[in-house]
>>> print(open('my_file_19.pdb').read())   # PDB, C-alpha atoms
ATOM      1  CA  GLY O1187     -31.041   7.988  26.948  1.00  0.00           C
ATOM      2  CA  ALA O1188     -32.970   9.845  24.249  1.00  0.00           C
ATOM      3  CA  VAL O1189     -33.908  12.871  26.305  1.00  0.00           C
ATOM      4  CA  VAL O1190     -35.369  15.991  24.743  1.00  0.00           C
ATOM      5  CA  SER O1191     -35.622  19.205  26.704  1.00  0.00           C
ATOM      6  CA  GLN O1192     -37.554  22.391  26.079  1.00  0.00           C
ATOM      7  CA  HIS O1193     -36.975  25.835  27.464  1.00  0.00           C
ATOM      8  CA  PRO O1194     -38.804  27.639  28.847  1.00  0.00           C
ATOM      9  CA  SER O1195     -41.432  25.317  30.277  1.00  0.00           C
ATOM     10  CA  TRP O1196     -43.865  28.182  30.433  1.00  0.00           C
ATOM     11  CA  VAL O1197     -43.877  31.796  29.295  1.00  0.00           C
ATOM     12  CA  ILE O1198     -46.247  34.726  29.549  1.00  0.00           C
ATOM     13  CA  CYS O1199     -45.806  37.607  27.173  1.00  0.00           C
ATOM     14  CA  LYS O1200     -47.588  40.727  26.008  1.00  0.00           C
ATOM     15  CA  SER O1201     -49.390  40.878  22.719  1.00  0.00           C
ATOM     16  CA  GLY O1202     -47.113  42.036  19.912  1.00  0.00           C
ATOM     17  CA  THR O1203     -43.894  40.702  21.384  1.00  0.00           C
ATOM     18  CA  SER O1204     -41.884  37.730  20.121  1.00  0.00           C
ATOM     19  CA  VAL O1205     -41.120  34.591  22.059  1.00  0.00           C
ATOM     20  CA  LYS O1206     -38.406  32.014  21.386  1.00  0.00           C
ATOM     21  CA  ILE O1207     -38.726  28.394  22.499  1.00  0.00           C
ATOM     22  CA  GLU O1208     -35.734  26.084  22.469  1.00  0.00           C
ATOM     23  CA  CYS O1209     -35.755  22.349  21.887  1.00  0.00           C
ATOM     24  CA  ARG O1210     -32.632  20.326  22.606  1.00  0.00           C
ATOM     25  CA  SER O1211     -31.735  16.685  22.181  1.00  0.00           C
ATOM     26  CA  LEU O1212     -29.502  16.058  25.167  1.00  0.00           C
ATOM     27  CA  ASP O1213     -27.899  12.729  24.422  1.00  0.00           C
ATOM     28  CA  PHE O1214     -28.310  12.109  20.724  1.00  0.00           C
ATOM     29  CA  GLN O1215     -28.025  13.935  17.447  1.00  0.00           C
ATOM     30  CA  ALA O1216     -31.378  14.778  15.936  1.00  0.00           C
ATOM     31  CA  THR O1217     -31.406  14.816  12.171  1.00  0.00           C
ATOM     32  CA  THR O1218     -35.038  15.857  12.219  1.00  0.00           C
ATOM     33  CA  MET O1219     -37.015  17.872  14.713  1.00  0.00           C
ATOM     34  CA  PHE O1220     -40.744  18.462  14.794  1.00  0.00           C
ATOM     35  CA  TRP O1221     -42.869  21.184  16.295  1.00  0.00           C
ATOM     36  CA  TYR O1222     -46.423  20.480  17.429  1.00  0.00           C
ATOM     37  CA  ARG O1223     -49.166  22.623  18.832  1.00  0.00           C
ATOM     38  CA  GLN O1224     -51.752  21.317  21.227  1.00  0.00           C
ATOM     39  CA  PHE O1225     -54.935  23.147  22.132  1.00  0.00           C
ATOM     40  CA  PRO O1226     -56.671  22.340  25.428  1.00  0.00           C
ATOM     41  CA  LYS O1227     -58.222  18.901  25.446  1.00  0.00           C
ATOM     42  CA  GLN O1228     -57.176  18.277  21.848  1.00  0.00           C
ATOM     43  CA  SER O1229     -54.619  16.280  19.983  1.00  0.00           C
ATOM     44  CA  LEU O1230     -51.210  17.327  18.748  1.00  0.00           C
ATOM     45  CA  MET O1231     -51.160  19.112  15.434  1.00  0.00           C
ATOM     46  CA  LEU O1232     -47.909  19.052  13.499  1.00  0.00           C
ATOM     47  CA  MET O1233     -46.788  22.570  12.665  1.00  0.00           C
ATOM     48  CA  ALA O1234     -43.511  21.969  10.894  1.00  0.00           C
ATOM     49  CA  THR O1235     -40.648  19.596  10.310  1.00  0.00           C
ATOM     50  CA  SER O1236     -37.070  20.749  10.256  1.00  0.00           C
ATOM     51  CA  ASN O1237     -33.893  19.040   9.191  1.00  0.00           C
ATOM     52  CA  GLU O1238     -30.575  20.296  10.435  1.00  0.00           C
ATOM     53  CA  GLY O1239     -29.129  22.949   8.164  1.00  0.00           C
ATOM     54  CA  SER O1240     -32.141  23.322   5.901  1.00  0.00           C
ATOM     55  CA  LYS O1241     -35.370  25.268   5.867  1.00  0.00           C
ATOM     56  CA  ALA O1242     -38.316  23.930   7.778  1.00  0.00           C
ATOM     57  CA  THR O1243     -41.256  22.368   6.014  1.00  0.00           C
ATOM     58  CA  TYR O1244     -44.499  23.843   7.281  1.00  0.00           C
ATOM     59  CA  GLU O1245     -47.851  22.108   7.355  1.00  0.00           C
ATOM     60  CA  GLN O1246     -50.722  23.593   5.464  1.00  0.00           C
ATOM     61  CA  GLY O1247     -52.259  26.529   7.282  1.00  0.00           C
ATOM     62  CA  VAL O1248     -49.215  27.306   9.421  1.00  0.00           C
ATOM     63  CA  GLU O1249     -47.782  30.769   8.784  1.00  0.00           C
ATOM     64  CA  LYS O1250     -44.051  30.407   8.286  1.00  0.00           C
ATOM     65  CA  ASP O1251     -43.448  34.120   8.822  1.00  0.00           C
ATOM     66  CA  LYS O1252     -45.196  33.976  12.151  1.00  0.00           C
ATOM     67  CA  PHE O1253     -43.665  30.751  13.420  1.00  0.00           C
ATOM     68  CA  LEU O1254     -39.973  30.935  12.622  1.00  0.00           C
ATOM     69  CA  ILE O1255     -38.103  27.679  12.981  1.00  0.00           C
ATOM     70  CA  ASN O1256     -34.353  27.344  13.051  1.00  0.00           C
ATOM     71  CA  HIS O1257     -32.481  24.044  13.246  1.00  0.00           C
ATOM     72  CA  ALA O1258     -28.919  25.256  13.279  1.00  0.00           C
ATOM     73  CA  SER O1259     -27.311  22.224  14.851  1.00  0.00           C
ATOM     74  CA  LEU O1260     -27.988  18.535  15.353  1.00  0.00           C
ATOM     75  CA  THR O1261     -29.014  19.137  18.952  1.00  0.00           C
ATOM     76  CA  LEU O1262     -30.941  22.392  18.859  1.00  0.00           C
ATOM     77  CA  SER O1263     -34.043  23.707  17.170  1.00  0.00           C
ATOM     78  CA  THR O1264     -35.827  26.938  18.018  1.00  0.00           C
ATOM     79  CA  LEU O1265     -39.379  28.099  17.423  1.00  0.00           C
ATOM     80  CA  THR O1266     -39.961  31.846  17.503  1.00  0.00           C
ATOM     81  CA  VAL O1267     -43.519  33.087  17.698  1.00  0.00           C
ATOM     82  CA  THR O1268     -43.345  36.564  16.194  1.00  0.00           C
ATOM     83  CA  SER O1269     -45.738  39.362  17.073  1.00  0.00           C
ATOM     84  CA  ALA O1270     -47.646  37.046  19.356  1.00  0.00           C
ATOM     85  CA  HIS O1271     -51.383  37.453  19.847  1.00  0.00           C
ATOM     86  CA  PRO O1272     -53.735  35.867  22.375  1.00  0.00           C
ATOM     87  CA  GLU O1273     -54.854  33.288  19.811  1.00  0.00           C
ATOM     88  CA  ASP O1274     -51.263  32.001  19.720  1.00  0.00           C
ATOM     89  CA  SER O1275     -51.612  30.907  23.341  1.00  0.00           C
ATOM     90  CA  SER O1276     -51.165  27.176  23.345  1.00  0.00           C
ATOM     91  CA  PHE O1277     -48.995  24.260  24.434  1.00  0.00           C
ATOM     92  CA  TYR O1278     -46.063  23.821  22.078  1.00  0.00           C
ATOM     93  CA  ILE O1279     -44.278  20.463  22.006  1.00  0.00           C
ATOM     94  CA  CYS O1280     -41.164  19.540  20.095  1.00  0.00           C
ATOM     95  CA  SER O1281     -39.857  16.127  19.218  1.00  0.00           C
ATOM     96  CA  ALA O1282     -36.617  14.861  17.794  1.00  0.00           C
ATOM     97  CA  ARG O1283     -35.717  11.901  15.654  1.00  0.00           C
ATOM     98  CA  ALA O1284     -32.256  10.470  15.294  1.00  0.00           C
ATOM     99  CA  GLY O1285     -32.853   8.783  11.985  1.00  0.00           C
ATOM    100  CA  GLY O1286     -32.484   5.140  11.119  1.00  0.00           C
ATOM    101  CA  PRO O1287     -35.190   2.596  10.362  1.00  0.00           C
ATOM    102  CA  ASN O1288     -37.301   2.788  13.469  1.00  0.00           C
ATOM    103  CA  ASN O1289     -38.628   6.304  13.079  1.00  0.00           C
ATOM    104  CA  GLU O1290     -39.027   6.828  16.815  1.00  0.00           C
ATOM    105  CA  GLN O1291     -39.575  10.391  17.893  1.00  0.00           C
ATOM    106  CA  PHE O1292     -38.659  11.518  21.374  1.00  0.00           C
ATOM    107  CA  PHE O1293     -40.812  14.266  22.795  1.00  0.00           C
ATOM    108  CA  GLY O1294     -39.930  17.249  24.898  1.00  0.00           C
ATOM    109  CA  PRO O1295     -41.983  18.202  27.962  1.00  0.00           C
ATOM    110  CA  GLY O1296     -43.703  21.068  26.200  1.00  0.00           C
ATOM    111  CA  THR O1297     -43.883  24.845  26.608  1.00  0.00           C
ATOM    112  CA  ARG O1298     -47.019  26.605  27.754  1.00  0.00           C
ATOM    113  CA  LEU O1299     -47.325  29.981  26.014  1.00  0.00           C
ATOM    114  CA  THR O1300     -49.804  32.540  27.288  1.00  0.00           C
ATOM    115  CA  VAL O1301     -50.159  35.793  25.375  1.00  0.00           C
ATOM    116  CA  LEU O1302     -51.901  38.583  27.256  1.00  0.00           C
TER     117      LEU O1302
ATOM    118  CA  ALA C 490     -60.270  10.132   4.376  1.00  0.00           C
ATOM    119  CA  GLN C 491     -57.192   8.669   5.980  1.00  0.00           C
ATOM    120  CA  SER C 492     -57.331   9.009   9.725  1.00  0.00           C
ATOM    121  CA  VAL C 493     -56.627   7.701  13.181  1.00  0.00           C
ATOM    122  CA  THR C 494     -59.715   7.236  15.317  1.00  0.00           C
ATOM    123  CA  GLN C 495     -59.960   6.919  19.054  1.00  0.00           C
ATOM    124  CA  PRO C 496     -63.709   6.454  19.586  1.00  0.00           C
ATOM    125  CA  ASP C 497     -63.707   7.084  23.326  1.00  0.00           C
ATOM    126  CA  ILE C 498     -63.092  10.643  24.438  1.00  0.00           C
ATOM    127  CA  HIS C 499     -63.201   9.867  28.154  1.00  0.00           C
ATOM    128  CA  ILE C 500     -63.136   6.577  30.054  1.00  0.00           C
ATOM    129  CA  THR C 501     -63.445   6.051  33.788  1.00  0.00           C
ATOM    130  CA  VAL C 502     -62.400   2.787  35.380  1.00  0.00           C
ATOM    131  CA  SER C 503     -62.006   1.639  38.955  1.00  0.00           C
ATOM    132  CA  GLU C 504     -58.547   1.060  40.320  1.00  0.00           C
ATOM    133  CA  GLY C 505     -57.638  -2.577  39.835  1.00  0.00           C
ATOM    134  CA  ALA C 506     -60.040  -3.060  36.938  1.00  0.00           C
ATOM    135  CA  SER C 507     -58.931  -3.938  33.455  1.00  0.00           C
ATOM    136  CA  LEU C 508     -58.627  -1.352  30.715  1.00  0.00           C
ATOM    137  CA  GLU C 509     -58.923  -1.320  26.958  1.00  0.00           C
ATOM    138  CA  LEU C 510     -58.497   1.819  24.874  1.00  0.00           C
ATOM    139  CA  ARG C 511     -59.515   1.579  21.263  1.00  0.00           C
ATOM    140  CA  CYS C 512     -57.678   2.816  18.190  1.00  0.00           C
ATOM    141  CA  ASN C 513     -58.547   2.324  14.546  1.00  0.00           C
ATOM    142  CA  TYR C 514     -56.767   3.580  11.486  1.00  0.00           C
ATOM    143  CA  SER C 515     -57.795   3.948   7.882  1.00  0.00           C
ATOM    144  CA  TYR C 516     -54.653   3.660   5.799  1.00  0.00           C
ATOM    145  CA  GLY C 517     -54.179   1.184   3.000  1.00  0.00           C
ATOM    146  CA  ALA C 518     -50.799  -0.176   3.922  1.00  0.00           C
ATOM    147  CA  THR C 519     -49.999  -1.307   7.442  1.00  0.00           C
ATOM    148  CA  PRO C 520     -48.612   1.716   9.209  1.00  0.00           C
ATOM    149  CA  TYR C 521     -46.202   1.917  12.077  1.00  0.00           C
ATOM    150  CA  LEU C 522     -48.355   2.120  15.213  1.00  0.00           C
ATOM    151  CA  PHE C 523     -47.695   3.822  18.536  1.00  0.00           C
ATOM    152  CA  TRP C 524     -49.334   4.525  21.852  1.00  0.00           C
ATOM    153  CA  TYR C 525     -48.266   7.551  23.895  1.00  0.00           C
ATOM    154  CA  VAL C 526     -49.307   8.764  27.331  1.00  0.00           C
ATOM    155  CA  GLN C 527     -49.459  12.393  28.389  1.00  0.00           C
ATOM    156  CA  SER C 528     -49.828  13.515  31.978  1.00  0.00           C
ATOM    157  CA  PRO C 529     -51.330  16.986  32.562  1.00  0.00           C
ATOM    158  CA  GLY C 530     -49.010  19.749  31.383  1.00  0.00           C
ATOM    159  CA  GLN C 531     -46.396  17.272  30.243  1.00  0.00           C
ATOM    160  CA  GLY C 532     -44.973  16.017  26.971  1.00  0.00           C
ATOM    161  CA  LEU C 533     -45.590  12.585  25.540  1.00  0.00           C
ATOM    162  CA  GLN C 534     -44.098   9.330  26.718  1.00  0.00           C
ATOM    163  CA  LEU C 535     -43.977   6.316  24.415  1.00  0.00           C
ATOM    164  CA  LEU C 536     -45.764   3.305  25.877  1.00  0.00           C
ATOM    165  CA  LEU C 537     -45.211   0.873  23.039  1.00  0.00           C
ATOM    166  CA  LYS C 538     -44.923   0.562  19.281  1.00  0.00           C
ATOM    167  CA  TYR C 539     -45.551  -1.919  16.502  1.00  0.00           C
ATOM    168  CA  PHE C 540     -43.600  -2.115  13.286  1.00  0.00           C
ATOM    169  CA  SER C 541     -43.883  -5.776  12.274  1.00  0.00           C
ATOM    170  CA  GLY C 542     -43.731  -9.302  13.643  1.00  0.00           C
ATOM    171  CA  ASP C 543     -45.597 -10.464  16.717  1.00  0.00           C
ATOM    172  CA  THR C 544     -48.927  -8.684  16.757  1.00  0.00           C
ATOM    173  CA  LEU C 545     -49.084  -8.563  20.560  1.00  0.00           C
ATOM    174  CA  VAL C 546     -46.718  -5.888  21.763  1.00  0.00           C
ATOM    175  CA  GLN C 547     -45.582  -5.405  25.341  1.00  0.00           C
ATOM    176  CA  GLY C 548     -44.845  -1.926  26.580  1.00  0.00           C
ATOM    177  CA  ILE C 549     -43.857  -0.080  29.691  1.00  0.00           C
ATOM    178  CA  LYS C 550     -45.924   0.265  32.868  1.00  0.00           C
ATOM    179  CA  GLY C 551     -47.678  -3.057  32.267  1.00  0.00           C
ATOM    180  CA  PHE C 552     -49.392  -1.998  29.044  1.00  0.00           C
ATOM    181  CA  GLU C 553     -49.796  -4.118  25.956  1.00  0.00           C
ATOM    182  CA  ALA C 554     -51.424  -3.632  22.574  1.00  0.00           C
ATOM    183  CA  GLU C 555     -52.602  -5.982  19.873  1.00  0.00           C
ATOM    184  CA  PHE C 556     -52.450  -5.218  16.178  1.00  0.00           C
ATOM    185  CA  LYS C 557     -55.371  -6.716  14.258  1.00  0.00           C
ATOM    186  CA  ARG C 558     -54.937  -6.221  10.548  1.00  0.00           C
ATOM    187  CA  SER C 559     -58.444  -7.434   9.699  1.00  0.00           C
ATOM    188  CA  GLN C 560     -59.967  -4.797  11.958  1.00  0.00           C
ATOM    189  CA  SER C 561     -57.382  -2.057  11.304  1.00  0.00           C
ATOM    190  CA  SER C 562     -57.080  -1.753  15.039  1.00  0.00           C
ATOM    191  CA  PHE C 563     -54.356  -1.352  17.626  1.00  0.00           C
ATOM    192  CA  ASN C 564     -56.095  -1.418  21.001  1.00  0.00           C
ATOM    193  CA  LEU C 565     -54.225  -0.719  24.205  1.00  0.00           C
ATOM    194  CA  ARG C 566     -54.838  -2.916  27.250  1.00  0.00           C
ATOM    195  CA  LYS C 567     -53.823  -3.189  30.865  1.00  0.00           C
ATOM    196  CA  PRO C 568     -55.062  -5.972  33.144  1.00  0.00           C
ATOM    197  CA  SER C 569     -55.128  -3.925  36.342  1.00  0.00           C
ATOM    198  CA  VAL C 570     -55.229  -0.135  36.343  1.00  0.00           C
ATOM    199  CA  HIS C 571     -53.403   1.927  38.964  1.00  0.00           C
ATOM    200  CA  TRP C 572     -54.403   5.409  40.078  1.00  0.00           C
ATOM    201  CA  SER C 573     -51.187   6.752  38.521  1.00  0.00           C
ATOM    202  CA  ASP C 574     -52.402   5.634  35.085  1.00  0.00           C
ATOM    203  CA  ALA C 575     -54.858   8.531  34.982  1.00  0.00           C
ATOM    204  CA  ALA C 576     -53.725  10.567  31.970  1.00  0.00           C
ATOM    205  CA  GLU C 577     -54.431  11.251  28.313  1.00  0.00           C
ATOM    206  CA  TYR C 578     -53.601   8.462  25.888  1.00  0.00           C
ATOM    207  CA  PHE C 579     -52.841   9.039  22.232  1.00  0.00           C
ATOM    208  CA  CYS C 580     -52.699   6.514  19.451  1.00  0.00           C
ATOM    209  CA  ALA C 581     -50.471   7.523  16.554  1.00  0.00           C
ATOM    210  CA  VAL C 582     -49.453   6.114  13.203  1.00  0.00           C
ATOM    211  CA  VAL C 583     -46.850   6.669  10.553  1.00  0.00           C
ATOM    212  CA  PRO C 584     -48.848   5.906   7.412  1.00  0.00           C
ATOM    213  CA  GLY C 585     -47.266   3.208   5.307  1.00  0.00           C
ATOM    214  CA  GLY C 586     -44.489   2.677   7.843  1.00  0.00           C
ATOM    215  CA  GLY C 587     -40.990   3.674   6.844  1.00  0.00           C
ATOM    216  CA  SER C 588     -38.462   5.927   8.468  1.00  0.00           C
ATOM    217  CA  GLN C 589     -39.402   9.214   6.874  1.00  0.00           C
ATOM    218  CA  GLY C 590     -43.082   9.567   7.568  1.00  0.00           C
ATOM    219  CA  ASN C 591     -44.621  11.863  10.136  1.00  0.00           C
ATOM    220  CA  LEU C 592     -46.723  10.845  13.092  1.00  0.00           C
ATOM    221  CA  ILE C 593     -50.467  11.278  12.761  1.00  0.00           C
ATOM    222  CA  PHE C 594     -52.217  11.402  16.127  1.00  0.00           C
ATOM    223  CA  GLY C 595     -55.676  10.415  17.180  1.00  0.00           C
ATOM    224  CA  LYS C 596     -57.685  12.861  19.259  1.00  0.00           C
ATOM    225  CA  GLY C 597     -56.824  11.099  22.483  1.00  0.00           C
ATOM    226  CA  THR C 598     -58.696   9.303  25.236  1.00  0.00           C
ATOM    227  CA  LYS C 599     -58.710  10.713  28.726  1.00  0.00           C
ATOM    228  CA  LEU C 600     -58.512   8.035  31.398  1.00  0.00           C
ATOM    229  CA  SER C 601     -59.852   8.699  34.870  1.00  0.00           C
ATOM    230  CA  VAL C 602     -59.337   6.176  37.665  1.00  0.00           C
ATOM    231  CA  LYS C 603     -61.796   5.803  40.540  1.00  0.00           C
ATOM    232  CA  PRO C 604     -60.453   4.733  43.923  1.00  0.00           C
TER     233      PRO C 604
END
>>> encode(input="my_file_19.pdb", output="structure tokens")
Amino acid sequence: GAVVSQHPSWVICKSGTSVKIECRSLDFQATTMFWYRQFPKQSLMLMATSNEGSKATYEQGVEKDKFLINHASLTLSTLTVTSAHPEDSSFYICSARAGGPNNEQFFGPGTRLTVL
Amino acid sequence: AQSVTQPDIHITVSEGASLELRCNYSYGATPYLFWYVQSPGQGLQLLLKYFSGDTLVQGIKGFEAEFKRSQSSFNLRKPSVHWSDAAEYFCAVVPGGGSQGNLIFGKGTKLSVKP
């Protein structure tokens, strides 16, 4: 149980285009989903937290107009990188939390974005 | 500043040898504590977690970790490393515990295993 999927697993796009990444909780309802960014050989940096049906909360320094997050249902959150540039190339990982006292997050396998 | 510290960036051990990966945190209240493993190009898999109770926690794949309040540490151990354990290991905390906090990750320790 507690499986989180991401699609696509990797994507290459041209500079200036937009890319959408999906994060799904396959066997549980996720009240909260998180989006992380990971640069090569570095740790995960939290970008934003989203609760189903409400606006995402972005971490300091993350441009909300560039990284659009939608959490329209309890099993799906999307991250759209708008007008992508080479510096947006990174490994994006989502996680989902069902709620309750244990606070466990379940992580997706990640999406490798390369912007040419 | 509040932080999670993994002092070792890269560790190499021989297959069959024991392993200890260090993690220290600097938060006032005892946080929730986690260890995750990440294989190249993959997401994170939870190895074990500590919320309260017994300070020695058993996890998957033969890993264990011990919470030491006096040292603000949560070191990960394995008595005998296998080649498949080569990966990146992240310590993470939810400051102050609780169900609403966000995970704060250490910078990770890369484990290499020599045959």
>>> axis_aligned_box(input="my_file_19.pdb", around="region 1257-1262 of chain O", padding_each_side="6 Å", output="lines of an AutoDock Vina configuration file")
center_x = -29.9
center_y = 21.9
center_z = 16.1
size_x = 17.2
size_y = 18.7
size_z = 17.7
>>> resolve_selection(input="my_file_19.pdb", expression="the ChimeraX specification (/O :<12) & /C", output="compact mmCIF listing (two decimals) with C-alpha atoms, keeping the file's coordinate frame")
# COMPACT_ATOMS: atom_id res chain seq x y z
CA VAL C 493 -56.63 7.70 13.18
CA THR C 494 -59.72 7.24 15.32
CA GLN C 495 -59.96 6.92 19.05
CA ILE C 498 -63.09 10.64 24.44
CA HIS C 499 -63.20 9.87 28.15
CA PRO C 520 -48.61 1.72 9.21
CA TYR C 521 -46.20 1.92 12.08
CA LEU C 522 -48.36 2.12 15.21
CA PHE C 523 -47.70 3.82 18.54
CA TRP C 524 -49.33 4.53 21.85
CA TYR C 525 -48.27 7.55 23.90
CA VAL C 526 -49.31 8.76 27.33
CA GLN C 527 -49.46 12.39 28.39
CA SER C 528 -49.83 13.52 31.98
CA PRO C 529 -51.33 16.99 32.56
CA GLY C 530 -49.01 19.75 31.38
CA GLN C 531 -46.40 17.27 30.24
CA GLY C 532 -44.97 16.02 26.97
CA LEU C 533 -45.59 12.58 25.54
CA GLN C 534 -44.10 9.33 26.72
CA LEU C 535 -43.98 6.32 24.42
CA LEU C 536 -45.76 3.30 25.88
CA LEU C 537 -45.21 0.87 23.04
CA LYS C 538 -44.92 0.56 19.28
CA TYR C 539 -45.55 -1.92 16.50
CA PHE C 540 -43.60 -2.12 13.29
CA SER C 541 -43.88 -5.78 12.27
CA ALA C 576 -53.72 10.57 31.97
CA GLU C 577 -54.43 11.25 28.31
CA TYR C 578 -53.60 8.46 25.89
CA PHE C 579 -52.84 9.04 22.23
CA CYS C 580 -52.70 6.51 19.45
CA ALA C 581 -50.47 7.52 16.55
CA VAL C 582 -49.45 6.11 13.20
CA VAL C 583 -46.85 6.67 10.55
CA PRO C 584 -48.85 5.91 7.41
CA GLY C 586 -44.49 2.68 7.84
CA GLY C 587 -40.99 3.67 6.84
CA SER C 588 -38.46 5.93 8.47
CA GLN C 589 -39.40 9.21 6.87
CA GLY C 590 -43.08 9.57 7.57
CA ASN C 591 -44.62 11.86 10.14
CA LEU C 592 -46.72 10.84 13.09
CA ILE C 593 -50.47 11.28 12.76
CA PHE C 594 -52.22 11.40 16.13
CA GLY C 595 -55.68 10.42 17.18
CA LYS C 596 -57.68 12.86 19.26
CA GLY C 597 -56.82 11.10 22.48
CA THR C 598 -58.70 9.30 25.24
CA LYS C 599 -58.71 10.71 28.73
>>> resolve_selection(input="my_file_19.pdb", expression="the PyMOL selection byres ((chain O and resi 1265-1267) around 8)", output="PyMOL selection string")
chain O and resi 1204-1208+1221+1252-1256+1263-1264+1268-1270
>>> resolve_selection(input="my_file_19.pdb", expression="the PyMOL selection byres ((chain O and resi 1260) around 10)", output="MDAnalysis selection string")
chainID O and resid 1210:1211 1214:1219 1237:1239 1257:1259 1261:1263 1282 1284
>>> atom_distance(input="my_file_19.pdb", atom1="CA of Asp1274 (chain O)", atom2="CA of Lys1241 (chain O)")
22.1 Å
>>> atom_distance(input="my_file_19.pdb", atom1="CA of Tyr514 (chain C)", atom2="CA of Ala1242 (chain O)")
27.7 Å
>>> closest_residue(input="my_file_19.pdb", among="C:Val546, C:Ala506, C:Ile500, C:Cys512", to="Ser562 (chain C)", atoms="all atoms listed in the file")
C:Cys512
>>> closest_residue(input="my_file_19.pdb", among="O:Cys1199, O:His1193, O:Ser1236, O:Gln1246", to="His1271 (chain O)", atoms="all atoms listed in the file")
O:Cys1199
>>> residues_around(input="my_file_19.pdb", residues="Ala554 (chain C)", least_positions_apart="4", cutoff="8 Å", atoms="all atoms listed in the file", output="list in words")
Leu537, Leu545, Val546, Gln547, Gly548, Phe563, Asn564, Leu565 and Arg566 of chain C
>>> closest_residue(input="my_file_19.pdb", among="C:Leu600, C:Tyr516, C:Ser507, C:Gly585", to="Gly551 (chain C)", atoms="all atoms listed in the file")
C:Ser507
>>> atom_distance(input="my_file_19.pdb", atom1="CA of Pro568 (chain C)", atom2="CA of Leu508 (chain C)")
6.3 Å
>>> closest_residue(input="my_file_19.pdb", among="O:Lys1200, O:Thr1243, O:Val1189, O:Gln1224", to="Ser1276 (chain O)", atoms="all atoms listed in the file")
O:Gln1224
>>> closest_residue(input="my_file_19.pdb", among="C:Asn513, C:Ser492, C:Thr519, C:Ser601", to="Trp572 (chain C)", atoms="all atoms listed in the file")
C:Ser601
>>> closest_residue(input="my_file_19.pdb", among="C:Ser515, C:Thr544, C:Ser559, C:Ser569", to="Val502 (chain C)", atoms="all atoms listed in the file")
C:Ser569
